[in-house]
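Student: Handing over model05.cif, mmCIF, C-alpha atoms and all ligand atoms.
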data_run
#
loop_
_atom_site.label_atom_id
_atom_site.label_comp_id
_atom_site.auth_asym_id
_atom_site.auth_seq_id
_atom_site.Cartn_x
_atom_site.Cartn_y
_atom_site.Cartn_z
CA LEU M 10 19.30 -50.73 59.54
CA ILE M 11 19.49 -54.38 60.51
CA SER M 12 22.54 -56.46 59.60
CA THR M 13 22.44 -60.28 59.84
CA ALA M 14 23.98 -63.30 58.12
CA LEU M 15 21.04 -63.12 55.70
CA THR M 16 21.47 -59.46 54.72
CA ARG M 17 25.24 -59.90 54.37
CA GLN M 18 24.94 -63.01 52.19
CA PHE M 19 22.58 -61.43 49.66
CA GLN M 20 23.46 -57.73 50.14
CA LEU M 21 19.96 -56.96 51.43
CA THR M 22 18.75 -53.69 52.94
CA HIS M 23 16.16 -55.56 55.04
CA PRO M 24 16.25 -59.16 56.41
CA ILE M 25 13.05 -60.04 54.55
CA VAL M 26 12.49 -62.94 52.15
CA LEU M 27 9.54 -63.34 49.79
CA ALA M 28 8.23 -66.91 50.18
CA PRO M 29 8.26 -68.93 46.94
CA MET M 30 4.46 -69.18 46.79
CA GLY M 31 3.56 -71.54 43.96
CA ALA M 32 1.84 -69.71 41.08
CA ILE M 33 1.70 -66.50 43.20
CA SER M 34 5.32 -65.36 43.56
CA GLY M 35 6.03 -64.61 39.90
CA GLY M 36 8.90 -62.67 38.37
CA LYS M 37 7.30 -59.24 38.84
CA LEU M 38 6.74 -59.76 42.56
CA ALA M 39 10.16 -61.33 43.13
CA ALA M 40 11.89 -58.48 41.29
CA ALA M 41 9.91 -55.85 43.24
CA VAL M 42 10.98 -57.41 46.55
CA CYS M 43 14.63 -57.58 45.41
CA ASN M 44 14.62 -53.98 44.21
CA ALA M 45 13.22 -52.84 47.57
CA GLY M 46 16.13 -54.52 49.36
CA GLY M 47 14.65 -57.93 50.28
CA LEU M 48 15.27 -61.36 48.73
CA GLY M 49 12.66 -62.40 46.17
CA LEU M 50 12.11 -66.11 45.57
CA LEU M 51 10.08 -67.27 42.57
CA GLY M 52 7.33 -69.76 43.42
CA GLY M 53 8.35 -72.73 41.30
CA GLY M 54 5.63 -74.77 43.04
CA TYR M 55 4.99 -78.15 41.44
CA GLY M 56 7.60 -77.47 38.76
CA ASP M 57 5.67 -76.52 35.62
CA ALA M 58 8.60 -75.96 33.23
CA ASP M 59 6.81 -73.39 31.06
CA TRP M 60 5.78 -71.31 34.08
CA VAL M 61 9.30 -71.51 35.47
CA ARG M 62 10.90 -70.41 32.17
CA ARG M 63 8.53 -67.48 31.74
CA GLU M 64 8.91 -66.17 35.31
CA LEU M 65 12.70 -66.67 35.33
CA ALA M 66 12.87 -64.37 32.30
CA GLU M 67 10.65 -61.86 34.11
CA VAL M 68 12.71 -61.72 37.30
CA LYS M 69 15.97 -61.45 35.37
CA ALA M 70 14.54 -58.59 33.32
CA GLY M 71 13.21 -56.90 36.44
CA THR M 72 16.18 -56.78 38.80
CA ARG M 73 19.96 -56.78 38.92
CA ARG M 74 19.99 -57.78 42.58
CA PRO M 75 20.31 -61.34 44.00
CA TRP M 76 17.13 -63.44 43.58
CA GLY M 77 16.15 -67.07 43.95
CA ILE M 78 13.55 -69.74 43.29
CA GLY M 79 11.76 -72.32 45.45
CA PHE M 80 10.27 -75.73 44.71
CA ILE M 81 8.01 -78.26 46.42
CA THR M 82 10.65 -80.93 46.97
CA TRP M 83 8.50 -84.06 46.54
CA SER M 84 7.36 -82.86 43.10
CA LEU M 85 10.72 -81.57 41.81
CA THR M 86 12.40 -83.38 38.92
CA ALA M 87 16.03 -83.05 37.83
CA PRO M 88 15.15 -81.53 34.41
CA VAL M 89 13.08 -78.72 35.96
CA LEU M 90 15.85 -78.02 38.46
CA GLU M 91 18.28 -77.72 35.52
CA VAL M 92 15.98 -75.18 33.83
CA ALA M 93 16.22 -73.03 36.96
CA LEU M 94 19.95 -73.49 37.52
CA ALA M 95 20.68 -72.48 33.91
CA ASP M 96 19.61 -68.95 34.87
CA THR M 97 22.09 -68.91 37.81
CA PRO M 98 19.81 -68.08 40.76
CA HIS M 99 21.60 -66.87 43.89
CA ALA M 100 19.45 -69.16 46.03
CA VAL M 101 17.31 -72.28 45.62
CA MET M 102 14.79 -73.15 48.32
CA LEU M 103 13.44 -76.67 48.85
CA SER M 104 10.41 -77.35 51.00
CA PHE M 105 8.25 -80.40 51.81
CA GLY M 106 10.01 -83.67 51.26
CA ASP M 107 13.55 -85.02 51.33
CA PRO M 108 16.07 -82.42 50.06
CA ARG M 109 18.96 -84.90 49.88
CA PRO M 110 18.48 -86.04 46.25
CA HIS M 111 18.76 -82.44 44.95
CA ALA M 112 21.10 -80.80 47.50
CA PRO M 113 24.47 -81.76 45.93
CA ARG M 114 23.47 -80.46 42.47
CA ILE M 115 22.20 -77.16 43.89
CA LYS M 116 25.34 -76.66 45.99
CA ALA M 117 27.58 -77.52 43.03
CA SER M 118 25.84 -74.85 40.93
CA GLY M 119 27.04 -72.12 43.30
CA ALA M 120 23.51 -71.23 44.46
CA ARG M 121 22.89 -71.01 48.21
CA LEU M 122 20.67 -73.89 49.39
CA ILE M 123 17.74 -72.84 51.57
CA CYS M 124 15.67 -75.62 53.17
CA GLN M 125 12.27 -74.93 54.76
CA VAL M 126 11.49 -77.30 57.65
CA GLN M 127 8.55 -77.82 59.98
CA ASP M 128 10.17 -79.79 62.81
CA LEU M 129 13.51 -80.72 64.36
CA GLU M 130 13.88 -83.90 62.33
CA GLY M 131 13.59 -81.86 59.13
CA ALA M 132 16.10 -79.35 60.50
CA ARG M 133 18.61 -82.14 61.20
CA ILE M 134 18.28 -83.46 57.63
CA ALA M 135 18.67 -79.94 56.20
CA ARG M 136 21.76 -79.32 58.31
CA ASP M 137 23.34 -82.63 57.33
CA CYS M 138 22.78 -82.11 53.60
CA GLY M 139 24.60 -78.78 53.66
CA ALA M 140 21.80 -76.19 53.78
CA ASP M 141 23.21 -72.65 53.85
CA PHE M 142 20.01 -71.28 55.45
CA ILE M 143 17.20 -73.12 57.21
CA VAL M 144 13.67 -71.71 57.26
CA ALA M 145 11.79 -72.77 60.40
CA GLN M 146 8.12 -72.67 59.37
CA GLY M 147 5.43 -72.58 62.03
CA THR M 148 1.86 -73.81 61.69
CA GLU M 149 0.56 -70.22 61.54
CA ALA M 150 1.84 -70.09 57.96
CA GLY M 151 -0.38 -69.80 54.94
CA GLY M 152 -0.25 -72.69 52.49
CA HIS M 153 1.22 -76.08 53.27
CA GLY M 154 2.92 -76.76 56.56
CA ALA M 155 2.67 -78.88 59.67
CA SER M 156 1.82 -78.56 63.36
CA ARG M 157 4.61 -76.86 65.35
CA ALA M 158 4.12 -73.16 66.24
CA THR M 159 6.60 -70.49 65.17
CA LEU M 160 7.41 -69.07 68.63
CA PRO M 161 8.88 -72.25 70.15
CA LEU M 162 10.02 -73.85 66.86
CA VAL M 163 12.34 -71.05 65.71
CA PRO M 164 14.63 -70.95 68.78
CA ALA M 165 14.67 -74.75 68.97
CA VAL M 166 15.88 -74.93 65.36
CA VAL M 167 18.37 -72.10 66.00
CA ASP M 168 19.89 -74.11 68.86
CA LEU M 169 19.94 -77.34 66.87
CA VAL M 170 21.58 -76.13 63.67
CA ALA M 171 23.94 -73.38 64.92
CA PRO M 172 25.96 -71.84 63.33
CA ILE M 173 23.73 -72.23 60.24
CA PRO M 174 21.52 -69.12 60.05
CA VAL M 175 17.79 -69.67 60.53
CA ILE M 176 14.96 -67.70 58.91
CA ALA M 177 11.59 -67.56 60.70
CA ALA M 178 8.35 -68.17 58.79
CA GLY M 179 4.68 -68.43 59.67
CA GLY M 180 2.51 -65.63 61.01
CA ILE M 181 4.88 -62.74 60.34
CA ALA M 182 3.32 -59.80 58.51
CA ASP M 183 4.62 -56.60 60.09
CA GLY M 184 7.65 -55.00 61.76
CA ARG M 185 6.66 -56.39 65.15
CA GLY M 186 6.79 -59.93 63.81
CA LEU M 187 10.17 -59.37 62.16
CA ALA M 188 11.64 -57.84 65.34
CA ALA M 189 10.30 -60.77 67.37
CA ALA M 190 11.82 -63.27 64.92
CA LEU M 191 15.22 -61.61 65.31
CA MET M 192 14.87 -61.85 69.11
CA LEU M 193 14.21 -65.58 68.72
CA GLY M 194 17.62 -65.84 67.12
CA ALA M 195 16.57 -65.79 63.47
CA ALA M 196 18.61 -63.95 60.83
CA GLY M 197 15.44 -62.72 59.15
CA ALA M 198 11.88 -63.61 58.23
CA LEU M 199 10.25 -65.26 55.22
CA LEU M 200 6.78 -63.90 54.44
CA GLY M 201 4.16 -65.38 52.17
CA THR M 202 0.62 -64.24 52.93
CA ARG M 203 1.59 -60.56 53.38
CA PHE M 204 3.09 -60.52 49.86
CA TYR M 205 0.07 -62.31 48.35
CA ALA M 206 -1.93 -59.13 49.02
CA THR M 207 0.21 -57.03 46.66
CA HIS M 208 -0.41 -55.58 43.22
CA GLU M 209 2.52 -57.55 41.79
CA ALA M 210 1.45 -61.00 43.05
CA LEU M 211 -0.12 -63.38 40.55
CA GLY M 212 -3.50 -64.74 41.59
CA SER M 213 -7.02 -63.42 41.41
CA PRO M 214 -8.09 -59.99 42.69
CA ASN M 215 -10.85 -61.81 44.59
CA ALA M 216 -8.26 -63.81 46.53
CA LYS M 217 -6.28 -60.70 47.43
CA ARG M 218 -9.44 -58.94 48.58
CA ALA M 219 -10.42 -61.97 50.67
CA ILE M 220 -7.06 -61.82 52.47
CA ALA M 221 -7.48 -58.12 53.22
CA ALA M 222 -11.01 -58.73 54.55
CA ALA M 223 -10.61 -61.85 56.69
CA ASN M 224 -9.16 -62.52 60.15
CA GLY M 225 -6.79 -65.23 61.33
CA GLY M 226 -9.61 -67.09 63.07
CA GLN M 227 -11.25 -67.62 59.71
CA THR M 228 -8.34 -69.78 58.50
CA LEU M 229 -7.92 -73.52 58.99
CA ARG M 230 -5.46 -76.29 58.16
CA THR M 231 -7.07 -78.80 55.85
CA ARG M 232 -6.46 -81.47 53.23
CA VAL M 233 -9.70 -81.00 51.30
CA PHE M 234 -8.20 -78.81 48.57
CA ASP M 235 -5.46 -81.35 47.92
CA VAL M 236 -8.00 -84.19 47.84
CA VAL M 237 -10.21 -82.40 45.31
CA ARG M 238 -7.22 -81.31 43.18
CA LYS M 239 -5.77 -84.86 43.38
CA PHE M 240 -2.36 -83.62 44.55
CA PRO M 241 -0.45 -86.38 46.37
CA TRP M 242 0.72 -84.37 49.40
CA PRO M 243 2.28 -86.30 52.29
CA GLU M 244 -0.30 -86.99 55.03
CA VAL M 245 1.56 -84.73 57.54
CA ASN M 246 1.29 -81.63 55.35
CA THR M 247 -2.02 -79.84 55.60
CA GLY M 248 -2.58 -76.46 53.99
CA ARG M 249 -3.80 -73.31 55.79
CA ALA M 250 -6.52 -71.49 53.84
CA ILE M 251 -9.43 -69.15 54.42
CA ARG M 252 -12.59 -71.08 55.32
CA ASN M 253 -15.24 -71.05 52.61
CA THR M 254 -18.29 -73.01 51.56
CA PHE M 255 -16.04 -75.81 50.26
CA THR M 256 -14.27 -76.33 53.61
CA ASP M 257 -17.59 -75.97 55.47
CA ARG M 258 -18.95 -78.83 53.36
CA TRP M 259 -15.96 -81.19 53.22
CA HIS M 260 -13.42 -80.54 56.02
CA GLY M 261 -13.56 -83.60 58.28
CA ARG M 262 -15.37 -85.55 55.52
CA GLU M 263 -12.32 -86.23 53.34
CA GLY M 264 -13.43 -89.84 52.77
CA ALA M 265 -16.79 -88.74 51.40
CA LEU M 266 -15.07 -86.14 49.23
CA GLY M 267 -12.75 -88.82 47.88
CA ALA M 268 -15.80 -90.90 46.96
CA ALA M 269 -17.43 -87.93 45.17
CA LEU M 270 -14.30 -86.81 43.34
CA GLU M 271 -15.66 -87.38 39.86
CA THR M 272 -18.20 -84.57 40.10
CA GLU M 273 -16.57 -82.46 42.84
CA SER M 274 -13.26 -82.04 40.97
CA ALA M 275 -14.97 -80.73 37.86
CA LYS M 276 -17.04 -78.28 39.92
CA TYR M 277 -13.96 -77.20 41.83
CA TRP M 278 -11.87 -76.36 38.76
CA GLU M 279 -14.81 -74.53 37.21
CA ALA M 280 -15.08 -72.32 40.31
CA ASN M 281 -11.32 -71.85 40.31
CA ALA M 282 -11.30 -70.66 36.69
CA LYS M 283 -13.99 -68.11 37.53
CA GLY M 284 -12.05 -66.76 40.52
CA ASP M 285 -14.88 -67.92 42.79
CA VAL M 286 -13.20 -67.90 46.22
CA GLY M 287 -16.39 -69.17 47.85
CA THR M 288 -15.39 -72.59 46.53
CA SER M 289 -11.76 -72.45 45.36
CA VAL M 290 -8.81 -72.17 47.70
CA VAL M 291 -7.21 -68.99 49.05
CA TRP M 292 -4.12 -70.13 50.92
CA ALA M 293 -3.50 -67.67 53.76
CA GLY M 294 -1.93 -67.64 57.21
CA GLU M 295 -3.08 -66.55 60.63
CA ALA M 296 -1.42 -63.14 60.25
CA ILE M 297 -4.20 -61.93 57.94
CA ASP M 298 -5.50 -60.00 60.97
CA LEU M 299 -2.63 -57.61 60.20
CA ILE M 300 -3.32 -57.26 56.47
CA ARG M 301 -5.97 -54.70 55.59
CA GLU M 302 -5.16 -53.66 52.04
CA VAL M 303 -3.58 -54.74 48.80
CA GLU M 304 -0.36 -52.73 48.46
CA PRO M 305 2.77 -52.42 46.33
CA ALA M 306 5.38 -54.98 47.45
CA ALA M 307 8.15 -52.37 47.81
CA GLU M 308 6.16 -50.41 50.38
CA ILE M 309 5.71 -53.55 52.45
CA VAL M 310 9.42 -54.40 52.41
CA THR M 311 10.45 -50.87 53.39
CA ARG M 312 7.80 -50.47 56.08
CA ILE M 313 8.43 -53.84 57.75
CA GLY M 314 12.21 -53.38 57.64
CA THR M 315 12.21 -49.85 59.04
CA ASP M 316 9.50 -50.62 61.63
CA ALA M 317 11.50 -53.59 62.92
CA ALA M 318 14.66 -51.48 63.22
CA ARG M 319 12.74 -48.78 65.10
CA LEU M 320 11.17 -51.34 67.45
CA LEU M 321 14.52 -52.94 68.22
CA ARG M 322 15.92 -49.55 69.14
CA ALA M 323 12.84 -48.70 71.23
CA GLY M 324 13.08 -52.07 72.95
CA ALA M 325 16.22 -50.95 74.77
CA ARG M 326 14.03 -48.48 76.66
CA LEU M 327 12.36 -51.38 78.47
CA LEU M 328 15.64 -51.69 80.38
CA GLU M 329 15.71 -48.09 81.64
CA THR M 330 14.87 -47.72 85.31
C1 LIG A 1 -0.50 -68.67 48.73
C2 LIG A 1 0.65 -69.44 49.32
C3 LIG A 1 1.30 -70.37 48.52
C4 LIG A 1 2.40 -71.06 49.04
N1 LIG A 1 3.06 -71.92 48.22
C5 LIG A 1 4.22 -72.47 48.65
C6 LIG A 1 5.01 -73.24 47.76
O1 LIG A 1 4.66 -73.46 46.61
N2 LIG A 1 6.18 -73.74 48.22
C7 LIG A 1 6.61 -73.50 49.50
O2 LIG A 1 7.70 -73.92 49.86
N3 LIG A 1 5.86 -72.80 50.37
C8 LIG A 1 4.69 -72.26 49.97
N4 LIG A 1 3.96 -71.52 50.85
C9 LIG A 1 4.41 -71.38 52.26
C10 LIG A 1 5.48 -70.32 52.37
O3 LIG A 1 6.72 -70.84 51.93
C11 LIG A 1 5.70 -69.80 53.80
O4 LIG A 1 6.13 -70.82 54.66
C12 LIG A 1 4.49 -69.14 54.43
O5 LIG A 1 3.83 -68.31 53.52
C13 LIG A 1 4.92 -68.32 55.65
O6 LIG A 1 3.85 -67.97 56.45
P1 LIG A 1 2.94 -66.65 56.20
O7 LIG A 1 2.04 -67.01 55.06
O8 LIG A 1 2.23 -66.48 57.48
O9 LIG A 1 3.86 -65.51 55.86
C14 LIG A 1 2.83 -70.83 50.37
C15 LIG A 1 2.14 -69.91 51.16
C16 LIG A 1 1.07 -69.21 50.66
C17 LIG A 1 0.38 -68.19 51.53
#
I need this file expressed as structure tokens, please.
Ligand SMILES: Cc1cc2nc3c(=O)[nH]c(=O)nc-3n(C[C@H](O)[C@H](O)[C@H](O)COP(=O)(O)O)c2cc1C
Tutor:
Amino acid sequence: LISTALTRQFQLTHPIVLAPMGAISGGKLAAAVCNAGGLGLLGGGYGDADWVRRELAEVKAGTRRPWGIGFITWSLTAPVLEVALADTPHAVMLSFGDPRPHAPRIKASGARLICQVQDLEGARIARDCGADFIVAQGTEAGGHGASRATLPLVPAVVDLVAPIPVIAAGGIADGRGLAAALMLGAAGALLGTRFYATHEALGSPNAKRAIAAANGGQTLRTRVFDVVRKFPWPEVNTGRAIRNTFTDRWHGREGALGAALETESAKYWEANAKGDVGTSVVWAGEAIDLIREVEPAAEIVTRIGTDAARLLRAGARLLET
């Protein structure tokens, strides 16, 4: 099996982290990933205190292994962070926005601080505020992100922040991706989209089926879902989702969408409530080519971990003459 700074820190069997997908990575999914030997992070998202309380209880009831929680930094408030810290997570992940206001409190709690970054400037800030692990997230990722690609970004961040361990994210969904991430110098991989298509993930069955059915070329980075939901995301952060009739109509016409918000927002939320993925968003990354069925999370952790170990061993054969 694979041993890295990540597996040693959290006593993991496999160097695999469940991404804290807002409203998707609930306590059941996080606990399943932990129990299979990965690190499960609850998706604290925009910091709904009731959601956070409920799912914290669920993960604590579901596993005795180390677990954590992630938040969207620009939306995180001190009171919601305190709700999470009261349950003594082993790790807190911050992503999208300046981690410096919250970093000292997280570090003082004894939790490991994980910062997800999309570029070298973000990596420098994460390093300087004391991050214990830095997730280098490439543009292939599902959900929000930016423009740098995983393959060149990960080793550049590794070089910049050494000796802080780096975790690769964006476009990794099987053992080949994990093995490649380790070769780039990462201590493990953080996966979102692959774990969305699991029985334990929250979210509609329609969304999970859409992920299993679509290919990476059917995804795009867009702001239209944030415009229609009126979420104040920073301009640099687009979200990768599966194309649908909503993106066909509005992507590239964000101004017109903004002008039609009154009616479009109501229609959007109605579709969302019905699980209509023709209109409402399914965040998903380019690696959906590699996802063909909805599976139990534990099987995914075990398969990706053991496949990566086998591939690393087999890789030595490339050197035989
Ligand atoms: C459905 C979904 C929701 C996400 N929500 C969040 C979130 O709330 N906070 C966050 O830091 N990252 C979020 N992400 C991004 C993940 O942290 C991670 O970078 C990404 O999933 C990795 O790429 P992959 O999807 O190709 O595995 C989300 C991703 C997906 C697919």
Student: Can you tell me which residues sit at most 9 Å away from ligand LIG 1 (chain A), counting only C-alpha atoms and all ligand atoms, written as a PDB file with C-alpha atoms, in the frame of the given file?
Tutor:
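Result file pocket00.pdb:
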ATOM      1  CA  LEU M  27       9.540 -63.340  49.790  1.00  0.00           C
ATOM      2  CA  ALA M  28       8.230 -66.910  50.180  1.00  0.00           C
ATOM      3  CA  PRO M  29       8.260 -68.930  46.940  1.00  0.00           C
ATOM      4  CA  MET M  30       4.460 -69.180  46.790  1.00  0.00           C
ATOM      5  CA  GLY M  31       3.560 -71.540  43.960  1.00  0.00           C
ATOM      6  CA  ALA M  32       1.840 -69.710  41.080  1.00  0.00           C
ATOM      7  CA  ILE M  33       1.700 -66.500  43.200  1.00  0.00           C
ATOM      8  CA  SER M  34       5.320 -65.360  43.560  1.00  0.00           C
ATOM      9  CA  GLY M  52       7.330 -69.760  43.420  1.00  0.00           C
ATOM     10  CA  GLY M  53       8.350 -72.730  41.300  1.00  0.00           C
ATOM     11  CA  GLY M  54       5.630 -74.770  43.040  1.00  0.00           C
ATOM     12  CA  TYR M  55       4.990 -78.150  41.440  1.00  0.00           C
ATOM     13  CA  GLY M  79      11.760 -72.320  45.450  1.00  0.00           C
ATOM     14  CA  PHE M  80      10.270 -75.730  44.710  1.00  0.00           C
ATOM     15  CA  ILE M  81       8.010 -78.260  46.420  1.00  0.00           C
ATOM     16  CA  THR M  82      10.650 -80.930  46.970  1.00  0.00           C
ATOM     17  CA  MET M 102      14.790 -73.150  48.320  1.00  0.00           C
ATOM     18  CA  LEU M 103      13.440 -76.670  48.850  1.00  0.00           C
ATOM     19  CA  SER M 104      10.410 -77.350  51.000  1.00  0.00           C
ATOM     20  CA  PHE M 105       8.250 -80.400  51.810  1.00  0.00           C
ATOM     21  CA  CYS M 124      15.670 -75.620  53.170  1.00  0.00           C
ATOM     22  CA  GLN M 125      12.270 -74.930  54.760  1.00  0.00           C
ATOM     23  CA  VAL M 126      11.490 -77.300  57.650  1.00  0.00           C
ATOM     24  CA  VAL M 144      13.670 -71.710  57.260  1.00  0.00           C
ATOM     25  CA  ALA M 145      11.790 -72.770  60.400  1.00  0.00           C
ATOM     26  CA  GLN M 146       8.120 -72.670  59.370  1.00  0.00           C
ATOM     27  CA  GLY M 147       5.430 -72.580  62.030  1.00  0.00           C
ATOM     28  CA  THR M 148       1.860 -73.810  61.690  1.00  0.00           C
ATOM     29  CA  GLU M 149       0.560 -70.220  61.540  1.00  0.00           C
ATOM     30  CA  ALA M 150       1.840 -70.090  57.960  1.00  0.00           C
ATOM     31  CA  GLY M 151      -0.380 -69.800  54.940  1.00  0.00           C
ATOM     32  CA  GLY M 152      -0.250 -72.690  52.490  1.00  0.00           C
ATOM     33  CA  HIS M 153       1.220 -76.080  53.270  1.00  0.00           C
ATOM     34  CA  GLY M 154       2.920 -76.760  56.560  1.00  0.00           C
ATOM     35  CA  ALA M 177      11.590 -67.560  60.700  1.00  0.00           C
ATOM     36  CA  ALA M 178       8.350 -68.170  58.790  1.00  0.00           C
ATOM     37  CA  GLY M 179       4.680 -68.430  59.670  1.00  0.00           C
ATOM     38  CA  GLY M 180       2.510 -65.630  61.010  1.00  0.00           C
ATOM     39  CA  ILE M 181       4.880 -62.740  60.340  1.00  0.00           C
ATOM     40  CA  ALA M 182       3.320 -59.800  58.510  1.00  0.00           C
ATOM     41  CA  ALA M 198      11.880 -63.610  58.230  1.00  0.00           C
ATOM     42  CA  LEU M 199      10.250 -65.260  55.220  1.00  0.00           C
ATOM     43  CA  LEU M 200       6.780 -63.900  54.440  1.00  0.00           C
ATOM     44  CA  GLY M 201       4.160 -65.380  52.170  1.00  0.00           C
ATOM     45  CA  THR M 202       0.620 -64.240  52.930  1.00  0.00           C
ATOM     46  CA  ARG M 203       1.590 -60.560  53.380  1.00  0.00           C
ATOM     47  CA  PHE M 204       3.090 -60.520  49.860  1.00  0.00           C
ATOM     48  CA  TYR M 205       0.070 -62.310  48.350  1.00  0.00           C
ATOM     49  CA  GLY M 212      -3.500 -64.740  41.590  1.00  0.00           C
ATOM     50  CA  GLY M 248      -2.580 -76.460  53.990  1.00  0.00           C
ATOM     51  CA  ARG M 249      -3.800 -73.310  55.790  1.00  0.00           C
ATOM     52  CA  ALA M 250      -6.520 -71.490  53.840  1.00  0.00           C
ATOM     53  CA  VAL M 291      -7.210 -68.990  49.050  1.00  0.00           C
ATOM     54  CA  TRP M 292      -4.120 -70.130  50.920  1.00  0.00           C
ATOM     55  CA  ALA M 293      -3.500 -67.670  53.760  1.00  0.00           C
ATOM     56  CA  GLY M 294      -1.930 -67.640  57.210  1.00  0.00           C
ATOM     57  CA  GLU M 295      -3.080 -66.550  60.630  1.00  0.00           C
ATOM     58  CA  ALA M 296      -1.420 -63.140  60.250  1.00  0.00           C
ATOM     59  CA  ILE M 297      -4.200 -61.930  57.940  1.00  0.00           C
TER      60      ILE M 297
END
Student: For each of M:Asp168, M:Asp96, M:Glu304, M:Glu271, take the minimum atom-to-atom distance to Leu129 (chain M), counting only C-alpha atoms, then give the residue where this is smallest.
Tutor: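 Checking each of M:Asp168, M:Asp96, M:Glu304, M:Glu271 against Leu129 (chain M), counting only C-alpha atoms, the winner is M:Asp168.
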Student: I'd like the interatomic distance between CA of Thr97 (chain M) and CA of Ala206 (chain M), to a tenth of an Å.
Tutor: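 For CA of Thr97 (chain M) relative to CA of Ala206 (chain M), the distance reads 28.3 Å.
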Student: Could you check how far CA of Gly36 (chain M) sits from CA of Val310 (chain M), in Å to one decimal?
Tutor: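 One can read the CA of Gly36 (chain M) to CA of Val310 (chain M) distance as 16.3 Å.
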Student: What is the CA of Thr159 (chain M)-CA of Val233 (chain M) distance in Å, reported with one decimal?
Tutor: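 Separating CA of Thr159 (chain M) from CA of Val233 (chain M) is a distance of 23.8 Å.
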Student: Can you give me N, CA, C and O atoms for region 313-324 of chain M, written as a compact mmCIF listing (two decimals), keeping the file's coordinate frame?
Tutor:
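selection.txt written:
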# COMPACT_ATOMS: atom_id res chain seq x y z
N ILE M 313 8.14 -52.79 56.76
CA ILE M 313 8.43 -53.84 57.75
C ILE M 313 9.89 -53.75 58.21
O ILE M 313 10.18 -53.85 59.40
N GLY M 314 10.80 -53.49 57.28
CA GLY M 314 12.21 -53.38 57.64
C GLY M 314 12.50 -52.20 58.56
O GLY M 314 13.18 -52.34 59.58
N THR M 315 11.93 -51.04 58.22
CA THR M 315 12.21 -49.85 59.04
C THR M 315 11.46 -49.92 60.37
O THR M 315 11.99 -49.52 61.40
N ASP M 316 10.24 -50.46 60.36
CA ASP M 316 9.50 -50.62 61.63
C ASP M 316 10.26 -51.54 62.58
O ASP M 316 10.36 -51.27 63.78
N ALA M 317 10.78 -52.65 62.05
CA ALA M 317 11.50 -53.59 62.92
C ALA M 317 12.74 -52.93 63.51
O ALA M 317 13.01 -53.09 64.71
N ALA M 318 13.46 -52.16 62.71
CA ALA M 318 14.66 -51.48 63.22
C ALA M 318 14.29 -50.50 64.32
O ALA M 318 14.94 -50.43 65.38
N ARG M 319 13.20 -49.75 64.10
CA ARG M 319 12.74 -48.78 65.10
C ARG M 319 12.33 -49.49 66.39
O ARG M 319 12.67 -49.06 67.49
N LEU M 320 11.63 -50.59 66.26
CA LEU M 320 11.17 -51.34 67.45
C LEU M 320 12.35 -51.91 68.23
O LEU M 320 12.33 -51.93 69.47
N LEU M 321 13.36 -52.39 67.52
CA LEU M 321 14.52 -52.94 68.22
C LEU M 321 15.23 -51.86 69.02
O LEU M 321 15.65 -52.08 70.16
N ARG M 322 15.32 -50.68 68.42
CA ARG M 322 15.92 -49.55 69.14
C ARG M 322 15.07 -49.18 70.35
O ARG M 322 15.58 -48.99 71.45
N ALA M 323 13.76 -49.09 70.14
CA ALA M 323 12.84 -48.70 71.23
C ALA M 323 12.84 -49.75 72.33
O ALA M 323 12.63 -49.44 73.50
N GLY M 324 13.10 -51.00 71.97
CA GLY M 324 13.08 -52.07 72.95
C GLY M 324 14.08 -51.86 74.07
O GLY M 324 13.85 -52.26 75.22
